[in-house]
Amino acid sequence: MPRDLLRLLTPRTIAVIGGGAWCASIIKAAERIGYDGEIFPVHPEGKVIAGRQAVRALSDWEGPIDAAFIGVNRKATVDVVRALRALKAGGAVCFASGFSEAGAELSDGVDLQAELVEAAGEMPILGPNCYGFINALEGAAIWPDQHGCGTVERGVAILAQSSNIAINLTMQKRALPIAYVVACGNMAQTSQAEIAMALLEDPRVSAIGLHIEGFGDTAEWHALALKAAAKGIPLVALKVGQSEHAQAATVSHTASLAGSHAGANALLARLGIPRVPDIPSFLETLKLLHTIGRLDQASLATVSCSGGEASLAADTAHGRALRFPPLSAPQRAALFEALGPKVALANPLDYHTYIWRDTARMSDTFAALSGPDTGITLAIVDYPHTDATDWACATDAILGAAKRTGRPYGVVATLPELLPLDVAERFMAAGVVPFMGLTEAITAVEAAARPSAVAPEPLLAGGAPALAQTPGQTPGQTLSEHDSKAELARFGLAVPASLRLTSIKHLEARLAQLAVPLVLKAEGMAHKSDAGGVALGLTTAEAVRAAAAEMGGTSWLLEEMTTGAVAELLIGVTRDEAHGLLLTIGAGGVLTELLQDTVSMLLPVTRDDIKQALTQLKCAPLLTGYRGKPAANIDAILEAVLAVQDYVVAQPHLIREVEINPLLCTASRAVAVDALIRKATS
């Protein structure tokens, strides 16, 4: 049964347990945001804390306790949680550190965290190693430090796995209304996804921003994405862990498993959650989602009175999943009417300064750029901090164009400090997004325009195997190429007809079973092609003997040679412990590492998912027929990928890695000419 987090997050009575400076800060932070409920300190000596008389024990308080801040040491925290549960409290923030996040530094940290969870039972707790939360809608806070939030009527929720990042986000001066800030801490009991699902129940929450170090239970994230989509509340993620150093820092910080960058991208794509790269882009994306919501088209128009700014806008959007629609004939006519013959009409548009201070014509210009193919129109305006009165015409013109067209509009200051807060708030009130920073604005537009469909199926998880471990195989074993192909062929993967040789004598009779030309491979040799362990185009027994003698070894694989390939692909499945079983499709062959041309998805995938992934590869033109060459059989490629998936789905807990490289793609077939399977260790 889901825990009742809203009682904890919207408290009418708060207990502050402990006597240090942090506990005094809790009371001051609540007072700062205007908390009008009851808040009382608890200390065994009955101290006066932040001007309030403490009760000596929780049991001395006669009324209900909706929420508590536990500011005592880590071992005493467990006892306090147990006492709060007995009093039927609504929940608690566990401030102390020294639990699972301490790793090897504290040998009892993991066990102590387990004790904490057991003590809490069904009572929700945040943390441990957690700052708490701010509810700016109700004017309530359990927050042991400064914060920059004021009360709002509607706004975004921000959930951060780092308390310090959460503090910094509350201090933003970007006209972004923040409804909730929740620091998630270790998430020993209550996960980030569970908190977000609770906040989806508040209709005043316009969007949810998620600072993520590790995902935890991916099934919970799938449930969150489905619920958010059903309610029409957009999500955006700032997921750390792209670099190895960041992944190591994540593990040491919150005991979360960061996992691979590709796995995180694949999971977020599956959940329909856009990922942004940094904190400024995170805030600007939330601002766009709060003001407008998701964009209906991945396109934009920009307008400025500088050719330099028009070029910057075009360059900033270059290489992203965005386009600048060309101007239509009606748009050109309207722009010519407003600007005259001296301005070159294009998107992005440099309208020069001929019409500066003519608010009506400026508004006509800005309105004309918002065509039916434009997701959002951005006016680039940097307001001087010396005297911005002469820029009022631009403000009025943008507001007039937005009101007239009813389409999404934004104003962008290329330097964040050159958009005054009062002007930004005026734009926000009118539904125009005041972007601070050009790169951040373009990043936000791309994020808000990304496809938001959530995959209906949950991720593939391990379970009772439908296929038993093959006799003779052991956990953690790497299968030979011959055995790997045999296992995959049972699930429909096309592999070459082959013979396994342990002797090069008496070959003539055995060669009659295969059609020439042939390929000979030395078994047990890494990087066979580079090491001389592969011989191609063999047609006679004598040629096979000579090749075997030259490459050496004691056993060989002799196969029919696949000819007529128009492309070589890689198909791989790896176990990403943080995210699931990750399918990678890419350019294959000996140049795989050099080309780095891959697309990754989490299993299970559909036929359409695979087809779409193929179109994203740089080598995709080879598959459809490049410069008059025949096209590959796409259906055969799809069947090959689905065969690999079927193999993994039948025994997910037994798979560590499956790799086919290359899959030779011809006009009629898709044949796995090399394969590798590694079994999971447990």
# chains A, B, ... in the order shown; residues from 1 in each chain; ligands from 1

$ select_by_dssp --residues "region 426-517 of chain A" --states "alpha helix (DSSP H)" --output "VMD selection string"
chain A and resid 426 to 429 438 to 449 481 to 489 507 to 511

$ residues_around --residues "Ala549 (chain A)" --least-positions-apart "5" --cutoff "12 Å" --atoms "only C-alpha atoms" --output "list in words"
Ser503, Ile504, Lys505, Leu520, Lys521, Ala522, Gly532, Gly533, Val534, Ala535, Glu542, Ala543, Val544, Thr554, Ser555 and Trp556 of chain A

$ write_last_selection --atoms "N, CA, C and O atoms" --output "compact mmCIF listing (two decimals), in the first residue's frame"
# COMPACT_ATOMS: atom_id res chain seq x y z
N SER A 503 40.95 -31.50 -35.90
CA SER A 503 42.04 -32.09 -36.68
C SER A 503 41.90 -31.59 -38.11
O SER A 503 40.79 -31.35 -38.59
N ILE A 504 43.03 -31.41 -38.77
CA ILE A 504 42.97 -30.95 -40.17
C ILE A 504 43.24 -32.11 -41.13
O ILE A 504 43.49 -31.91 -42.32
N LYS A 505 43.17 -33.34 -40.63
CA LYS A 505 43.32 -34.52 -41.49
C LYS A 505 41.95 -34.96 -41.99
O LYS A 505 40.93 -34.72 -41.35
N LEU A 520 37.75 -19.96 -42.30
CA LEU A 520 38.34 -20.73 -41.21
C LEU A 520 38.74 -19.77 -40.10
O LEU A 520 39.37 -18.73 -40.36
N LYS A 521 38.38 -20.10 -38.85
CA LYS A 521 38.71 -19.26 -37.70
C LYS A 521 39.38 -20.12 -36.64
O LYS A 521 38.90 -21.21 -36.32
N ALA A 522 40.44 -19.61 -36.07
CA ALA A 522 41.10 -20.29 -34.95
C ALA A 522 40.29 -20.03 -33.68
O ALA A 522 39.94 -18.89 -33.37
N GLY A 532 45.56 -12.62 -37.22
CA GLY A 532 45.77 -13.62 -38.27
C GLY A 532 45.03 -14.91 -38.03
O GLY A 532 45.40 -15.95 -38.59
N GLY A 533 43.98 -14.86 -37.24
CA GLY A 533 43.24 -16.07 -36.93
C GLY A 533 42.04 -16.30 -37.80
O GLY A 533 41.19 -17.15 -37.47
N VAL A 534 41.92 -15.59 -38.94
CA VAL A 534 40.79 -15.75 -39.85
C VAL A 534 41.33 -15.85 -41.27
O VAL A 534 42.18 -15.05 -41.69
N ALA A 535 40.83 -16.82 -42.01
CA ALA A 535 41.19 -16.97 -43.42
C ALA A 535 39.91 -17.04 -44.23
O ALA A 535 39.00 -17.82 -43.91
N GLU A 542 42.92 -28.55 -49.24
CA GLU A 542 44.32 -28.15 -49.13
C GLU A 542 44.45 -26.72 -48.64
O GLU A 542 45.32 -26.40 -47.82
N ALA A 543 43.59 -25.85 -49.14
CA ALA A 543 43.63 -24.44 -48.70
C ALA A 543 43.26 -24.32 -47.23
O ALA A 543 43.84 -23.52 -46.49
N VAL A 544 42.32 -25.15 -46.76
CA VAL A 544 41.94 -25.13 -45.35
C VAL A 544 43.10 -25.59 -44.49
O VAL A 544 43.42 -24.98 -43.45
N THR A 554 44.68 -25.47 -31.95
CA THR A 554 44.34 -26.89 -31.85
C THR A 554 42.90 -27.18 -32.27
O THR A 554 42.52 -28.34 -32.39
N SER A 555 42.11 -26.14 -32.46
CA SER A 555 40.74 -26.35 -32.94
C SER A 555 40.33 -25.13 -33.75
O SER A 555 40.80 -24.00 -33.52
N TRP A 556 39.42 -25.38 -34.70
CA TRP A 556 39.04 -24.33 -35.63
C TRP A 556 37.54 -24.42 -35.91
O TRP A 556 36.92 -25.47 -35.72

$ select_by_dssp --residues "region 212-432 of chain A" --states "strand (DSSP E)" --output "PyMOL selection string"
chain A and resi 212+235-239+300-304+349-350+376-380+409-413

$ closest_atom_pairs --of "region 121-216 of chain A" --to "region 289-300 of chain A" --cutoff "12 Å" --atoms "only C-alpha atoms" --output "JSON lines"
{"residue": "A:Arg154", "atom": "CA", "partner": "A:His290", "partner_atom": "CA", "distance": 9.0}
{"residue": "A:Gly155", "atom": "CA", "partner": "A:His290", "partner_atom": "CA", "distance": 6.8}
{"residue": "A:Val156", "atom": "CA", "partner": "A:His290", "partner_atom": "CA", "distance": 6.6}
{"residue": "A:Ala157", "atom": "CA", "partner": "A:His290", "partner_atom": "CA", "distance": 10.1}
{"residue": "A:Ala175", "atom": "CA", "partner": "A:Thr291", "partner_atom": "CA", "distance": 10.9}
{"residue": "A:Leu176", "atom": "CA", "partner": "A:His290", "partner_atom": "CA", "distance": 8.3}
{"residue": "A:Pro177", "atom": "CA", "partner": "A:His290", "partner_atom": "CA", "distance": 8.4}
{"residue": "A:Ile178", "atom": "CA", "partner": "A:His290", "partner_atom": "CA", "distance": 9.8}
{"residue": "A:Ala179", "atom": "CA", "partner": "A:His290", "partner_atom": "CA", "distance": 10.9}
{"residue": "A:Arg204", "atom": "CA", "partner": "A:His290", "partner_atom": "CA", "distance": 10.6}
{"residue": "A:Val205", "atom": "CA", "partner": "A:His290", "partner_atom": "CA", "distance": 8.7}
{"residue": "A:Ser206", "atom": "CA", "partner": "A:His290", "partner_atom": "CA", "distance": 5.3}
{"residue": "A:Ala207", "atom": "CA", "partner": "A:His290", "partner_atom": "CA", "distance": 5.8}
{"residue": "A:Ile208", "atom": "CA", "partner": "A:Leu289", "partner_atom": "CA", "distance": 9.0}
{"residue": "A:Gly209", "atom": "CA", "partner": "A:Leu289", "partner_atom": "CA", "distance": 9.9}

$ write_last_selection --atoms "N, CA and C atoms" --output "JSON list (two decimals), in the first residue's frame"
[["chain", "number", "residue", "atom", "x", "y", "z"],
["A", 154, "ARG", "N", 1.09, 28.43, -7.33],
["A", 154, "ARG", "CA", 1.27, 27.33, -8.28],
["A", 154, "ARG", "C", 2.73, 27.33, -8.68],
["A", 155, "GLY", "N", 3.30, 26.15, -8.94],
["A", 155, "GLY", "CA", 4.70, 26.13, -9.32],
["A", 155, "GLY", "C", 5.20, 24.73, -9.56],
["A", 156, "VAL", "N", 6.52, 24.64, -9.76],
["A", 156, "VAL", "CA", 7.16, 23.36, -10.06],
["A", 156, "VAL", "C", 7.62, 22.71, -8.76],
["A", 157, "ALA", "N", 7.77, 21.41, -8.81],
["A", 157, "ALA", "CA", 8.37, 20.66, -7.70],
["A", 157, "ALA", "C", 9.76, 20.22, -8.14],
["A", 175, "ALA", "N", 12.72, 34.01, -11.83],
["A", 175, "ALA", "CA", 11.26, 34.15, -11.94],
["A", 175, "ALA", "C", 10.55, 32.81, -12.04],
["A", 176, "LEU", "N", 11.21, 31.75, -11.58],
["A", 176, "LEU", "CA", 10.60, 30.42, -11.60],
["A", 176, "LEU", "C", 9.87, 30.18, -10.29],
["A", 177, "PRO", "N", 8.55, 30.00, -10.31],
["A", 177, "PRO", "CA", 7.84, 29.71, -9.06],
["A", 177, "PRO", "C", 8.05, 28.27, -8.64],
["A", 178, "ILE", "N", 8.60, 28.08, -7.44],
["A", 178, "ILE", "CA", 8.88, 26.74, -6.92],
["A", 178, "ILE", "C", 7.85, 26.40, -5.85],
["A", 179, "ALA", "N", 7.11, 25.33, -6.08],
["A", 179, "ALA", "CA", 6.07, 24.91, -5.16],
["A", 179, "ALA", "C", 6.62, 24.00, -4.07],
["A", 204, "ARG", "N", -1.71, 21.85, -7.98],
["A", 204, "ARG", "CA", -0.98, 23.12, -8.11],
["A", 204, "ARG", "C", 0.45, 22.92, -8.61],
["A", 205, "VAL", "N", 0.87, 21.67, -8.73],
["A", 205, "VAL", "CA", 2.20, 21.36, -9.26],
["A", 205, "VAL", "C", 2.12, 21.33, -10.78],
["A", 206, "SER", "N", 2.91, 22.20, -11.44],
["A", 206, "SER", "CA", 2.84, 22.33, -12.90],
["A", 206, "SER", "C", 3.82, 21.42, -13.62],
["A", 207, "ALA", "N", 4.94, 21.12, -13.01],
["A", 207, "ALA", "CA", 5.97, 20.25, -13.60],
["A", 207, "ALA", "C", 6.86, 19.77, -12.47],
["A", 208, "ILE", "N", 7.59, 18.68, -12.73],
["A", 208, "ILE", "CA", 8.47, 18.13, -11.70],
["A", 208, "ILE", "C", 9.87, 17.98, -12.29],
["A", 209, "GLY", "N", 10.85, 18.56, -11.59],
["A", 209, "GLY", "CA", 12.25, 18.43, -11.96],
["A", 209, "GLY", "C", 12.94, 17.45, -11.03]]

$ residues_around --residues "Thr170 (chain A)" --least-positions-apart "3" --cutoff "8 Å" --atoms "only C-alpha atoms" --output "PyMOL selection string"
chain A and resi 147-149+166-167+178+181

$ closest_residue --among "A:Lys287, A:Arg174, A:Lys611, A:His527" --to "Gly589 (chain A)" --atoms "only C-alpha atoms"
A:His527

$ residues_around --residues "region 317-323 of chain A" --least-positions-apart "4" --cutoff "9 Å" --atoms "only C-alpha atoms" --output "list in words"
Gln297, Ala298, Ser299, Leu300, Ala301, Leu312, Ala313, Thr439, Ile442, Thr443, Val445, Glu446, Ala449 and Arg450 of chain A

$ atom_distance --atom1 "CA of Gly121 (chain A)" --atom2 "CA of Ala188 (chain A)"
11.8 Å

$ atom_distance --atom1 "CA of Tyr35 (chain A)" --atom2 "CA of Cys184 (chain A)"
21.7 Å

$ closest_atom_pairs --of "region 50-152 of chain A" --to "region 11-20 of chain A" --cutoff "7 Å" --atoms "only C-alpha atoms" --output "CSV"
residue,atom,partner,partner_atom,distance
A:Ile65,CA,A:Thr13,CA,5.5
A:Asp66,CA,A:Pro11,CA,5.1
A:Ala67,CA,A:Ile14,CA,4.9
A:Ala68,CA,A:Ala15,CA,4.5
A:Phe69,CA,A:Val16,CA,4.9
A:Ile70,CA,A:Ile17,CA,5.0
A:Gly71,CA,A:Gly18,CA,5.0
A:Val72,CA,A:Gly18,CA,5.4

$ write_last_selection --atoms "all heavy atoms" --output "JSON list (two decimals), in the first residue's frame"
[["chain", "number", "residue", "atom", "x", "y", "z"],
["A", 65, "ILE", "N", 1.17, 14.56, 15.66],
["A", 65, "ILE", "CA", 2.44, 15.00, 15.07],
["A", 65, "ILE", "C", 2.41, 14.63, 13.59],
["A", 65, "ILE", "O", 2.45, 13.45, 13.24],
["A", 65, "ILE", "CB", 3.64, 14.33, 15.77],
["A", 65, "ILE", "CG1", 3.63, 14.64, 17.27],
["A", 65, "ILE", "CG2", 4.94, 14.80, 15.14],
["A", 65, "ILE", "CD1", 4.66, 13.85, 18.06],
["A", 66, "ASP", "N", 2.29, 15.64, 12.75],
["A", 66, "ASP", "CA", 2.22, 15.37, 11.30],
["A", 66, "ASP", "C", 3.60, 15.10, 10.71],
["A", 66, "ASP", "O", 3.74, 14.30, 9.78],
["A", 66, "ASP", "CB", 1.58, 16.55, 10.58],
["A", 66, "ASP", "CG", 0.13, 16.76, 10.97],
["A", 66, "ASP", "OD1", -0.58, 15.74, 11.16],
["A", 66, "ASP", "OD2", -0.30, 17.92, 11.10],
["A", 67, "ALA", "N", 4.61, 15.81, 11.21],
["A", 67, "ALA", "CA", 5.95, 15.68, 10.65],
["A", 67, "ALA", "C", 6.97, 15.95, 11.75],
["A", 67, "ALA", "O", 6.69, 16.69, 12.71],
["A", 67, "ALA", "CB", 6.16, 16.66, 9.50],
["A", 68, "ALA", "N", 8.15, 15.37, 11.59],
["A", 68, "ALA", "CA", 9.20, 15.57, 12.58],
["A", 68, "ALA", "C", 10.54, 15.72, 11.89],
["A", 68, "ALA", "O", 10.80, 15.06, 10.87],
["A", 68, "ALA", "CB", 9.24, 14.41, 13.57],
["A", 69, "PHE", "N", 11.39, 16.57, 12.46],
["A", 69, "PHE", "CA", 12.78, 16.66, 12.05],
["A", 69, "PHE", "C", 13.60, 16.00, 13.15],
["A", 69, "PHE", "O", 13.53, 16.39, 14.32],
["A", 69, "PHE", "CB", 13.22, 18.12, 11.88],
["A", 69, "PHE", "CG", 14.68, 18.27, 11.61],
["A", 69, "PHE", "CD1", 15.19, 18.06, 10.33],
["A", 69, "PHE", "CD2", 15.57, 18.63, 12.62],
["A", 69, "PHE", "CE1", 16.55, 18.21, 10.07],
["A", 69, "PHE", "CE2", 16.93, 18.77, 12.37],
["A", 69, "PHE", "CZ", 17.42, 18.55, 11.09],
["A", 70, "ILE", "N", 14.39, 14.99, 12.77],
["A", 70, "ILE", "CA", 15.18, 14.24, 13.75],
["A", 70, "ILE", "C", 16.62, 14.70, 13.63],
["A", 70, "ILE", "O", 17.34, 14.33, 12.70],
["A", 70, "ILE", "CB", 15.05, 12.73, 13.54],
["A", 70, "ILE", "CG1", 13.57, 12.31, 13.54],
["A", 70, "ILE", "CG2", 15.82, 11.97, 14.60],
["A", 70, "ILE", "CD1", 13.34, 10.85, 13.24],
["A", 71, "GLY", "N", 17.05, 15.53, 14.58],
["A", 71, "GLY", "CA", 18.38, 16.13, 14.54],
["A", 71, "GLY", "C", 19.31, 15.56, 15.58],
["A", 71, "GLY", "O", 20.12, 16.31, 16.15],
["A", 72, "VAL", "N", 19.22, 14.27, 15.83],
["A", 72, "VAL", "CA", 20.10, 13.61, 16.80],
["A", 72, "VAL", "C", 21.08, 12.71, 16.06],
["A", 72, "VAL", "O", 21.00, 12.57, 14.83],
["A", 72, "VAL", "CB", 19.27, 12.82, 17.84],
["A", 72, "VAL", "CG1", 18.35, 13.75, 18.61],
["A", 72, "VAL", "CG2", 18.46, 11.71, 17.15]]

$ atom_distance --atom1 "CA of Lys47 (chain A)" --atom2 "CA of Arg7 (chain A)"
27.8 Å

$ closest_residue --among "A:Glu417, A:Asp646, A:Asp674, A:Asp111" --to "Ser498 (chain A)" --atoms "only C-alpha atoms"
A:Asp674

$ closest_residue --among "A:Gly139, A:Pro408, A:Pro144, A:Pro274" --to "Phe95 (chain A)" --atoms "only C-alpha atoms"
A:Pro144

$ residues_around --residues "Ile571 (chain A)" --least-positions-apart "3" --cutoff "8 Å" --atoms "only C-alpha atoms" --output "ChimeraX atom specification"
/A:583-586,641,659-663

$ decode --residues "region 362-471 of chain A" --atoms "C-alpha atoms" --output "short mmCIF file (atom, residue, chain, number, x, y, z; two decimals), in the first residue's frame"
data_model
loop_
_atom_site.label_atom_id
_atom_site.label_comp_id
_atom_site.auth_asym_id
_atom_site.auth_seq_id
_atom_site.Cartn_x
_atom_site.Cartn_y
_atom_site.Cartn_z
CA MET A 362 7.62 45.49 -33.80
CA SER A 363 4.62 43.55 -32.55
CA ASP A 364 3.53 42.87 -36.14
CA THR A 365 7.02 41.52 -36.87
CA PHE A 366 7.13 39.26 -33.84
CA ALA A 367 3.61 37.98 -34.51
CA ALA A 368 4.35 37.22 -38.17
CA LEU A 369 7.18 34.87 -37.20
CA SER A 370 4.84 32.58 -35.28
CA GLY A 371 3.63 30.32 -38.06
CA PRO A 372 1.62 27.08 -37.86
CA ASP A 373 4.87 25.07 -38.13
CA THR A 374 6.58 26.91 -35.27
CA GLY A 375 6.74 25.26 -31.86
CA ILE A 376 7.86 28.46 -30.13
CA THR A 377 9.01 31.93 -31.16
CA LEU A 378 11.96 33.43 -29.29
CA ALA A 379 12.72 37.15 -29.24
CA ILE A 380 16.34 37.80 -28.30
CA VAL A 381 16.57 40.90 -26.11
CA ASP A 382 19.31 41.85 -23.65
CA TYR A 383 18.20 44.64 -21.34
CA PRO A 384 21.00 47.02 -20.25
CA HIS A 385 21.49 47.27 -16.48
CA THR A 386 22.27 50.98 -16.82
CA ASP A 387 18.97 52.31 -18.22
CA ALA A 388 16.47 49.90 -19.76
CA THR A 389 13.64 52.38 -20.32
CA ASP A 390 14.24 52.47 -24.09
CA TRP A 391 13.69 48.70 -24.17
CA ALA A 392 10.08 48.94 -23.00
CA CYS A 393 8.97 48.94 -26.63
CA ALA A 394 10.44 45.42 -27.07
CA THR A 395 8.68 44.15 -23.94
CA ASP A 396 5.32 45.55 -25.06
CA ALA A 397 5.77 44.26 -28.62
CA ILE A 398 6.54 40.71 -27.46
CA LEU A 399 3.58 40.68 -25.07
CA GLY A 400 1.31 42.02 -27.82
CA ALA A 401 2.46 39.37 -30.33
CA ALA A 402 1.95 36.55 -27.82
CA LYS A 403 -1.54 37.74 -26.95
CA ARG A 404 -2.50 38.18 -30.61
CA THR A 405 -1.31 34.78 -31.85
CA GLY A 406 -2.01 32.61 -28.81
CA ARG A 407 1.10 30.61 -29.68
CA PRO A 408 4.11 29.86 -27.40
CA TYR A 409 6.51 32.77 -27.05
CA GLY A 410 9.70 33.36 -25.14
CA VAL A 411 12.15 36.21 -24.65
CA VAL A 412 15.84 35.34 -24.38
CA ALA A 413 18.66 37.31 -22.79
CA THR A 414 21.93 35.92 -24.13
CA LEU A 415 23.54 36.96 -20.84
CA PRO A 416 21.37 35.78 -17.91
CA GLU A 417 22.08 38.93 -15.88
CA LEU A 418 20.62 41.13 -18.64
CA LEU A 419 16.99 40.17 -18.05
CA PRO A 420 15.72 42.18 -15.05
CA LEU A 421 13.72 40.14 -12.55
CA ASP A 422 10.74 42.51 -12.63
CA VAL A 423 10.59 42.28 -16.43
CA ALA A 424 10.92 38.49 -16.25
CA GLU A 425 8.04 38.31 -13.78
CA ARG A 426 5.91 40.46 -16.06
CA PHE A 427 6.53 38.06 -18.93
CA MET A 428 5.76 35.05 -16.71
CA ALA A 429 2.45 36.59 -15.66
CA ALA A 430 1.51 36.92 -19.34
CA GLY A 431 2.52 33.36 -20.25
CA VAL A 432 5.72 34.36 -22.08
CA VAL A 433 8.80 32.41 -21.01
CA PRO A 434 11.66 34.69 -19.85
CA PHE A 435 14.76 32.66 -20.71
CA MET A 436 18.07 33.58 -19.09
CA GLY A 437 20.83 32.38 -21.41
CA LEU A 438 20.65 31.45 -25.09
CA THR A 439 22.15 27.97 -24.78
CA GLU A 440 19.86 27.24 -21.85
CA ALA A 441 16.84 28.46 -23.83
CA ILE A 442 17.61 26.24 -26.83
CA THR A 443 18.27 23.28 -24.53
CA ALA A 444 14.91 23.87 -22.83
CA VAL A 445 13.07 24.10 -26.14
CA GLU A 446 14.64 20.85 -27.35
CA ALA A 447 13.73 19.12 -24.08
CA ALA A 448 10.13 20.37 -24.13
CA ALA A 449 9.72 19.25 -27.74
CA ARG A 450 11.03 15.70 -27.26
CA PRO A 451 8.55 12.84 -27.74
CA SER A 452 6.93 12.15 -24.38
CA ALA A 453 5.32 8.77 -25.01
CA VAL A 454 5.96 6.27 -22.21
CA ALA A 455 6.68 2.68 -23.23
CA PRO A 456 3.63 0.68 -22.11
CA GLU A 457 5.63 -2.37 -21.05
CA PRO A 458 7.83 -2.31 -17.93
CA LEU A 459 11.49 -3.14 -18.22
CA LEU A 460 12.61 -6.71 -18.54
CA ALA A 461 13.38 -8.15 -15.11
CA GLY A 462 14.90 -11.44 -14.03
CA GLY A 463 12.68 -14.25 -12.86
CA ALA A 464 12.13 -17.94 -13.13
CA PRO A 465 13.90 -19.01 -16.31
CA ALA A 466 11.96 -20.48 -19.18
CA LEU A 467 15.17 -22.06 -20.40
CA ALA A 468 17.43 -23.98 -18.04
CA GLN A 469 21.17 -23.48 -17.97
CA THR A 470 22.72 -25.68 -20.67
CA PRO A 471 24.38 -28.76 -19.14
#
